[in-house]
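Chemist: One structure is given below, represented as structure tokens, and several questions about it will come after.
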Amino acid sequence: MPPLRERREDIPLLADYFRQRANKLHGTTCEGISSEAMAFLTRYFWPGNVRELANVIEATVVEVENRQVEAEDLPERIRGSRELVPASAAGMVGLTMAQVERMMIERTLQATQGNREQAAKILGIGTRTLYRKLKEYGL
């Protein structure tokens, strides 16, 4: 099964399922998730996949108790994120590996607000490698 970041259309259904489950588990009555909050959820990279989504929704539902989840209720890492991968691989057809790598480095740095250590960790490379790539691509 592909990772959640490649199945963004499933995020609203899963988020609502986890909201309902959290309501039952904790005896809360969270009414829903705002469209703005859902936009942040669907844009996030989800390195922890479905389990991370479930944990975020559960923690948020417990915090908001008897109202709707709003964007400001979500963790900062989700609100501050930018889309790290294209919605589909079709947008990368015809690009060289170097172009794809450069694009991923740029987007990851945007998502981490320039935090190079965090970007390197997300990309699965060492910080020295990231610095070398930044120099190579003139970033």
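How things are named: the first chain in the structure tokens is A, the next is B, and so on; residues count from 1 in each chain; ligands count from 1 in the order shown.
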Excluding stretch 1-5 of chain A and any residue of its chain fewer than 4 positions from it, enumerate the residues within 7 Å of it, using only C-alpha atoms, and give them as a list in words.

Modeler: Phe45, Trp46, Asn49 and Val50 of chain A

Chemist: Might you pull out every residue within 10 Å of A:Leu74, with only C-alpha atoms counted and same-chain residues fewer than 2 positions away left off, and present them as a PyMOL selection string?

Modeler: chain A and resi 37-38+40-41+56-57+59-61+63+69-72+76-80

Chemist: Can those selected residues be exported to a file as a PDB file, in the first residue's frame so that it contains N, CA, C and O atoms?

Modeler:
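What follows is the written file again35.pdb:
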ATOM      1  N   ALA A  37      -8.443  23.542   8.569  1.00  0.00           N
ATOM      2  CA  ALA A  37      -7.636  22.517   9.245  1.00  0.00           C
ATOM      3  C   ALA A  37      -7.428  21.324   8.321  1.00  0.00           C
ATOM      4  O   ALA A  37      -6.324  20.768   8.245  1.00  0.00           O
ATOM      5  N   MET A  38      -8.471  20.941   7.597  1.00  0.00           N
ATOM      6  CA  MET A  38      -8.350  19.807   6.678  1.00  0.00           C
ATOM      7  C   MET A  38      -7.354  20.107   5.558  1.00  0.00           C
ATOM      8  O   MET A  38      -6.611  19.228   5.122  1.00  0.00           O
ATOM      9  N   PHE A  40      -4.670  21.918   5.838  1.00  0.00           N
ATOM     10  CA  PHE A  40      -3.339  21.696   6.413  1.00  0.00           C
ATOM     11  C   PHE A  40      -3.039  20.197   6.515  1.00  0.00           C
ATOM     12  O   PHE A  40      -1.923  19.765   6.225  1.00  0.00           O
ATOM     13  N   LEU A  41      -4.018  19.431   6.930  1.00  0.00           N
ATOM     14  CA  LEU A  41      -3.819  17.980   7.071  1.00  0.00           C
ATOM     15  C   LEU A  41      -3.501  17.329   5.732  1.00  0.00           C
ATOM     16  O   LEU A  41      -2.647  16.448   5.650  1.00  0.00           O
ATOM     17  N   VAL A  56      -2.240  12.506  15.790  1.00  0.00           N
ATOM     18  CA  VAL A  56      -2.495  13.948  15.748  1.00  0.00           C
ATOM     19  C   VAL A  56      -3.976  14.229  15.965  1.00  0.00           C
ATOM     20  O   VAL A  56      -4.344  15.093  16.761  1.00  0.00           O
ATOM     21  N   ILE A  57      -4.831  13.493  15.276  1.00  0.00           N
ATOM     22  CA  ILE A  57      -6.276  13.712  15.413  1.00  0.00           C
ATOM     23  C   ILE A  57      -6.724  13.412  16.843  1.00  0.00           C
ATOM     24  O   ILE A  57      -7.463  14.200  17.452  1.00  0.00           O
ATOM     25  N   ALA A  59      -5.003  13.447  19.694  1.00  0.00           N
ATOM     26  CA  ALA A  59      -4.511  14.466  20.629  1.00  0.00           C
ATOM     27  C   ALA A  59      -5.269  15.779  20.460  1.00  0.00           C
ATOM     28  O   ALA A  59      -5.602  16.447  21.452  1.00  0.00           O
ATOM     29  N   THR A  60      -5.579  16.128  19.233  1.00  0.00           N
ATOM     30  CA  THR A  60      -6.287  17.377  18.970  1.00  0.00           C
ATOM     31  C   THR A  60      -7.727  17.312  19.460  1.00  0.00           C
ATOM     32  O   THR A  60      -8.229  18.259  20.071  1.00  0.00           O
ATOM     33  N   VAL A  61      -8.392  16.191  19.217  1.00  0.00           N
ATOM     34  CA  VAL A  61      -9.783  16.016  19.656  1.00  0.00           C
ATOM     35  C   VAL A  61      -9.883  16.137  21.177  1.00  0.00           C
ATOM     36  O   VAL A  61     -10.798  16.771  21.699  1.00  0.00           O
ATOM     37  N   GLU A  63      -7.975  17.845  23.104  1.00  0.00           N
ATOM     38  CA  GLU A  63      -7.736  19.241  23.470  1.00  0.00           C
ATOM     39  C   GLU A  63      -8.943  20.136  23.206  1.00  0.00           C
ATOM     40  O   GLU A  63      -9.252  21.016  24.003  1.00  0.00           O
ATOM     41  N   VAL A  69     -12.457  21.086  15.307  1.00  0.00           N
ATOM     42  CA  VAL A  69     -11.007  21.269  15.204  1.00  0.00           C
ATOM     43  C   VAL A  69     -10.754  22.391  14.198  1.00  0.00           C
ATOM     44  O   VAL A  69     -11.216  22.332  13.058  1.00  0.00           O
ATOM     45  N   GLU A  70     -10.042  23.404  14.642  1.00  0.00           N
ATOM     46  CA  GLU A  70      -9.679  24.529  13.777  1.00  0.00           C
ATOM     47  C   GLU A  70      -8.193  24.431  13.446  1.00  0.00           C
ATOM     48  O   GLU A  70      -7.446  23.709  14.117  1.00  0.00           O
ATOM     49  N   ALA A  71      -7.761  25.159  12.447  1.00  0.00           N
ATOM     50  CA  ALA A  71      -6.359  25.116  12.022  1.00  0.00           C
ATOM     51  C   ALA A  71      -5.410  25.417  13.177  1.00  0.00           C
ATOM     52  O   ALA A  71      -4.385  24.752  13.335  1.00  0.00           O
ATOM     53  N   GLU A  72      -5.753  26.397  14.010  1.00  0.00           N
ATOM     54  CA  GLU A  72      -4.853  26.777  15.106  1.00  0.00           C
ATOM     55  C   GLU A  72      -4.741  25.701  16.181  1.00  0.00           C
ATOM     56  O   GLU A  72      -3.843  25.754  17.021  1.00  0.00           O
ATOM     57  N   GLU A  76       2.112  22.837  15.369  1.00  0.00           N
ATOM     58  CA  GLU A  76       2.830  23.789  14.520  1.00  0.00           C
ATOM     59  C   GLU A  76       3.497  23.112  13.322  1.00  0.00           C
ATOM     60  O   GLU A  76       3.520  23.670  12.235  1.00  0.00           O
ATOM     61  N   ARG A  77       4.040  21.915  13.518  1.00  0.00           N
ATOM     62  CA  ARG A  77       4.740  21.246  12.407  1.00  0.00           C
ATOM     63  C   ARG A  77       3.802  20.990  11.229  1.00  0.00           C
ATOM     64  O   ARG A  77       4.242  20.925  10.094  1.00  0.00           O
ATOM     65  N   ILE A  78       2.526  20.841  11.502  1.00  0.00           N
ATOM     66  CA  ILE A  78       1.551  20.609  10.438  1.00  0.00           C
ATOM     67  C   ILE A  78       1.109  21.935   9.832  1.00  0.00           C
ATOM     68  O   ILE A  78       1.033  22.079   8.618  1.00  0.00           O
ATOM     69  N   ARG A  79       0.865  22.925  10.662  1.00  0.00           N
ATOM     70  CA  ARG A  79       0.453  24.238  10.155  1.00  0.00           C
ATOM     71  C   ARG A  79       1.572  24.921   9.395  1.00  0.00           C
ATOM     72  O   ARG A  79       1.318  25.659   8.448  1.00  0.00           O
ATOM     73  N   GLY A  80       2.811  24.673   9.780  1.00  0.00           N
ATOM     74  CA  GLY A  80       3.939  25.329   9.139  1.00  0.00           C
ATOM     75  C   GLY A  80       4.463  24.596   7.931  1.00  0.00           C
ATOM     76  O   GLY A  80       5.369  25.061   7.261  1.00  0.00           O
TER      77      GLY A  80
END

Chemist: Check the smallest atom-to-atom distance from each of A:Glu52, A:Arg128, A:Arg19, A:Pro47 to A:Glu6 using only C-alpha atoms, then report the winner.

Modeler: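 Closest candidate: A:Pro47.
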
Chemist: Write out as a list in words the residues lying within 12 Å of stretch 113-122 of chain A, counting only C-alpha atoms and excluding same-chain residues fewer than 4 positions away.

Modeler: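 The neighbour list is Phe45, Trp46, Pro47, Gly48, Glu76, Arg77, Arg79, Gly80, Ser81, Arg82, Leu84, Val85, Met104, Ile105, Glu106, Arg107, Thr108, Leu109, Gly126, Thr127, Arg128, Thr129, Leu130, Tyr131, Arg132, Lys133, Leu134 and Leu139 of chain A.
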
Chemist: Those selected residues, please, written with N, CA, C and O atoms and delivered as a short mmCIF file (atom, residue, chain, number, x, y, z; two decimals), in the first residue's frame.

Modeler:
data_model
loop_
_atom_site.label_atom_id
_atom_site.label_comp_id
_atom_site.auth_asym_id
_atom_site.auth_seq_id
_atom_site.Cartn_x
_atom_site.Cartn_y
_atom_site.Cartn_z
N PHE A 45 3.23 16.26 4.93
CA PHE A 45 4.01 15.15 4.35
C PHE A 45 3.72 13.79 4.98
O PHE A 45 3.88 12.77 4.36
N TRP A 46 3.33 13.73 6.23
CA TRP A 46 3.02 12.51 6.99
C TRP A 46 4.14 11.47 6.96
O TRP A 46 3.94 10.35 6.51
N PRO A 47 5.34 11.84 7.48
CA PRO A 47 6.42 10.85 7.52
C PRO A 47 6.08 9.66 8.41
O PRO A 47 6.59 8.56 8.21
N GLY A 48 5.19 9.85 9.39
CA GLY A 48 4.76 8.76 10.26
C GLY A 48 3.56 8.00 9.71
O GLY A 48 3.01 7.13 10.37
N GLU A 76 2.11 22.84 15.37
CA GLU A 76 2.83 23.79 14.52
C GLU A 76 3.50 23.11 13.32
O GLU A 76 3.52 23.67 12.24
N ARG A 77 4.04 21.92 13.52
CA ARG A 77 4.74 21.25 12.41
C ARG A 77 3.80 20.99 11.23
O ARG A 77 4.24 20.92 10.09
N ARG A 79 0.86 22.93 10.66
CA ARG A 79 0.45 24.24 10.16
C ARG A 79 1.57 24.92 9.40
O ARG A 79 1.32 25.66 8.45
N GLY A 80 2.81 24.67 9.78
CA GLY A 80 3.94 25.33 9.14
C GLY A 80 4.46 24.60 7.93
O GLY A 80 5.37 25.06 7.26
N SER A 81 3.88 23.45 7.62
CA SER A 81 4.42 22.65 6.51
C SER A 81 3.95 23.16 5.17
O SER A 81 2.93 23.80 5.04
N ARG A 82 4.71 22.85 4.18
CA ARG A 82 4.35 23.07 2.79
C ARG A 82 4.35 21.70 2.15
O ARG A 82 5.00 20.78 2.63
N LEU A 84 5.51 18.72 0.38
CA LEU A 84 6.88 18.28 0.12
C LEU A 84 6.97 17.42 -1.12
O LEU A 84 8.04 17.26 -1.68
N VAL A 85 5.88 16.85 -1.53
CA VAL A 85 5.89 16.00 -2.72
C VAL A 85 4.77 16.45 -3.62
O VAL A 85 3.75 16.94 -3.17
N MET A 104 13.13 18.54 -4.59
CA MET A 104 12.83 17.97 -3.27
C MET A 104 13.60 18.68 -2.17
O MET A 104 13.06 18.93 -1.09
N ILE A 105 14.84 19.03 -2.43
CA ILE A 105 15.63 19.76 -1.45
C ILE A 105 15.00 21.13 -1.19
O ILE A 105 14.82 21.54 -0.05
N GLU A 106 14.64 21.84 -2.26
CA GLU A 106 14.02 23.16 -2.11
C GLU A 106 12.73 23.08 -1.30
O GLU A 106 12.51 23.85 -0.37
N ARG A 107 11.86 22.14 -1.66
CA ARG A 107 10.56 22.02 -0.98
C ARG A 107 10.72 21.60 0.48
O ARG A 107 10.00 22.06 1.35
N THR A 108 11.69 20.74 0.73
CA THR A 108 11.91 20.30 2.10
C THR A 108 12.45 21.45 2.95
O THR A 108 12.03 21.63 4.09
N LEU A 109 13.34 22.24 2.38
CA LEU A 109 13.85 23.41 3.11
C LEU A 109 12.73 24.43 3.36
O LEU A 109 12.67 25.04 4.43
N GLY A 126 22.79 12.90 5.21
CA GLY A 126 23.54 13.60 6.23
C GLY A 126 23.58 15.09 5.97
O GLY A 126 23.37 15.54 4.83
N THR A 127 23.84 15.87 7.01
CA THR A 127 23.88 17.33 6.82
C THR A 127 25.02 17.74 5.89
O THR A 127 24.85 18.67 5.11
N ARG A 128 26.13 17.04 5.94
CA ARG A 128 27.23 17.36 5.02
C ARG A 128 26.81 17.15 3.57
O ARG A 128 27.13 17.95 2.70
N THR A 129 26.08 16.06 3.34
CA THR A 129 25.59 15.79 1.99
C THR A 129 24.64 16.90 1.55
O THR A 129 24.70 17.37 0.42
N LEU A 130 23.77 17.32 2.45
CA LEU A 130 22.84 18.40 2.12
C LEU A 130 23.59 19.68 1.77
O LEU A 130 23.29 20.32 0.76
N TYR A 131 24.58 20.04 2.57
CA TYR A 131 25.36 21.25 2.28
C TYR A 131 26.05 21.14 0.93
O TYR A 131 26.08 22.11 0.15
N ARG A 132 26.57 19.95 0.61
CA ARG A 132 27.22 19.75 -0.69
C ARG A 132 26.20 19.92 -1.83
O ARG A 132 26.48 20.58 -2.84
N LYS A 133 25.01 19.37 -1.65
CA LYS A 133 23.97 19.48 -2.67
C LYS A 133 23.50 20.92 -2.83
O LYS A 133 23.24 21.38 -3.93
N LEU A 134 23.41 21.65 -1.72
CA LEU A 134 23.01 23.06 -1.80
C LEU A 134 24.01 23.84 -2.62
O LEU A 134 23.62 24.67 -3.46
N LEU A 139 21.77 26.63 -4.28
CA LEU A 139 20.63 27.00 -3.42
C LEU A 139 21.09 27.73 -2.18
O LEU A 139 22.13 27.58 -1.69
#

Chemist: I'd like the contact shell of A:Gly27 - 12 Å cut-off, only C-alpha atoms, skipping same-chain residues fewer than 2 positions apart - returned as an mmCIF file with N, CA and C atoms, in the first residue's frame.

Modeler:
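Contents of the output file around.cif:
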data_model
loop_
_atom_site.group_PDB
_atom_site.id
_atom_site.type_symbol
_atom_site.label_atom_id
_atom_site.label_comp_id
_atom_site.auth_asym_id
_atom_site.auth_seq_id
_atom_site.Cartn_x
_atom_site.Cartn_y
_atom_site.Cartn_z
ATOM 1 N N ARG A 19 -11.334 10.998 14.249
ATOM 2 C CA ARG A 19 -12.045 11.942 15.119
ATOM 3 C C ARG A 19 -13.184 11.223 15.847
ATOM 4 N N GLN A 20 -13.962 10.461 15.097
ATOM 5 C CA GLN A 20 -15.074 9.724 15.697
ATOM 6 C C GLN A 20 -14.574 8.691 16.706
ATOM 7 N N ARG A 21 -13.490 8.015 16.346
ATOM 8 C CA ARG A 21 -12.918 7.012 17.253
ATOM 9 C C ARG A 21 -12.425 7.657 18.550
ATOM 10 N N ALA A 22 -11.766 8.811 18.414
ATOM 11 C CA ALA A 22 -11.268 9.520 19.601
ATOM 12 C C ALA A 22 -12.429 9.980 20.478
ATOM 13 N N ASN A 23 -13.514 10.420 19.852
ATOM 14 C CA ASN A 23 -14.702 10.808 20.634
ATOM 15 C C ASN A 23 -15.198 9.636 21.476
ATOM 16 N N LYS A 24 -15.258 8.458 20.887
ATOM 17 C CA LYS A 24 -15.725 7.272 21.615
ATOM 18 C C LYS A 24 -14.758 6.882 22.722
ATOM 19 N N LEU A 25 -13.455 6.895 22.402
ATOM 20 C CA LEU A 25 -12.436 6.485 23.377
ATOM 21 C C LEU A 25 -12.369 7.413 24.586
ATOM 22 N N THR A 29 -16.953 15.135 22.471
ATOM 23 C CA THR A 29 -17.949 15.337 21.415
ATOM 24 C C THR A 29 -17.443 16.344 20.392
ATOM 25 N N CYS A 30 -16.237 16.145 19.915
ATOM 26 C CA CYS A 30 -15.680 17.013 18.879
ATOM 27 C C CYS A 30 -16.599 16.924 17.660
ATOM 28 N N GLU A 58 -6.266 12.303 17.399
ATOM 29 C CA GLU A 58 -6.675 11.943 18.758
ATOM 30 C C GLU A 58 -6.254 13.014 19.764
ATOM 31 N N VAL A 61 -8.392 16.191 19.217
ATOM 32 C CA VAL A 61 -9.783 16.016 19.656
ATOM 33 C C VAL A 61 -9.883 16.137 21.177
ATOM 34 N N VAL A 62 -8.942 15.556 21.881
ATOM 35 C CA VAL A 62 -8.953 15.627 23.350
ATOM 36 C C VAL A 62 -8.785 17.081 23.812
ATOM 37 N N GLU A 65 -12.133 19.332 22.938
ATOM 38 C CA GLU A 65 -13.313 18.827 23.634
ATOM 39 C C GLU A 65 -14.591 18.963 22.834
ATOM 40 N N ASN A 66 -15.435 19.965 23.109
ATOM 41 C CA ASN A 66 -16.782 19.994 22.544
ATOM 42 C C ASN A 66 -16.956 20.954 21.373
#
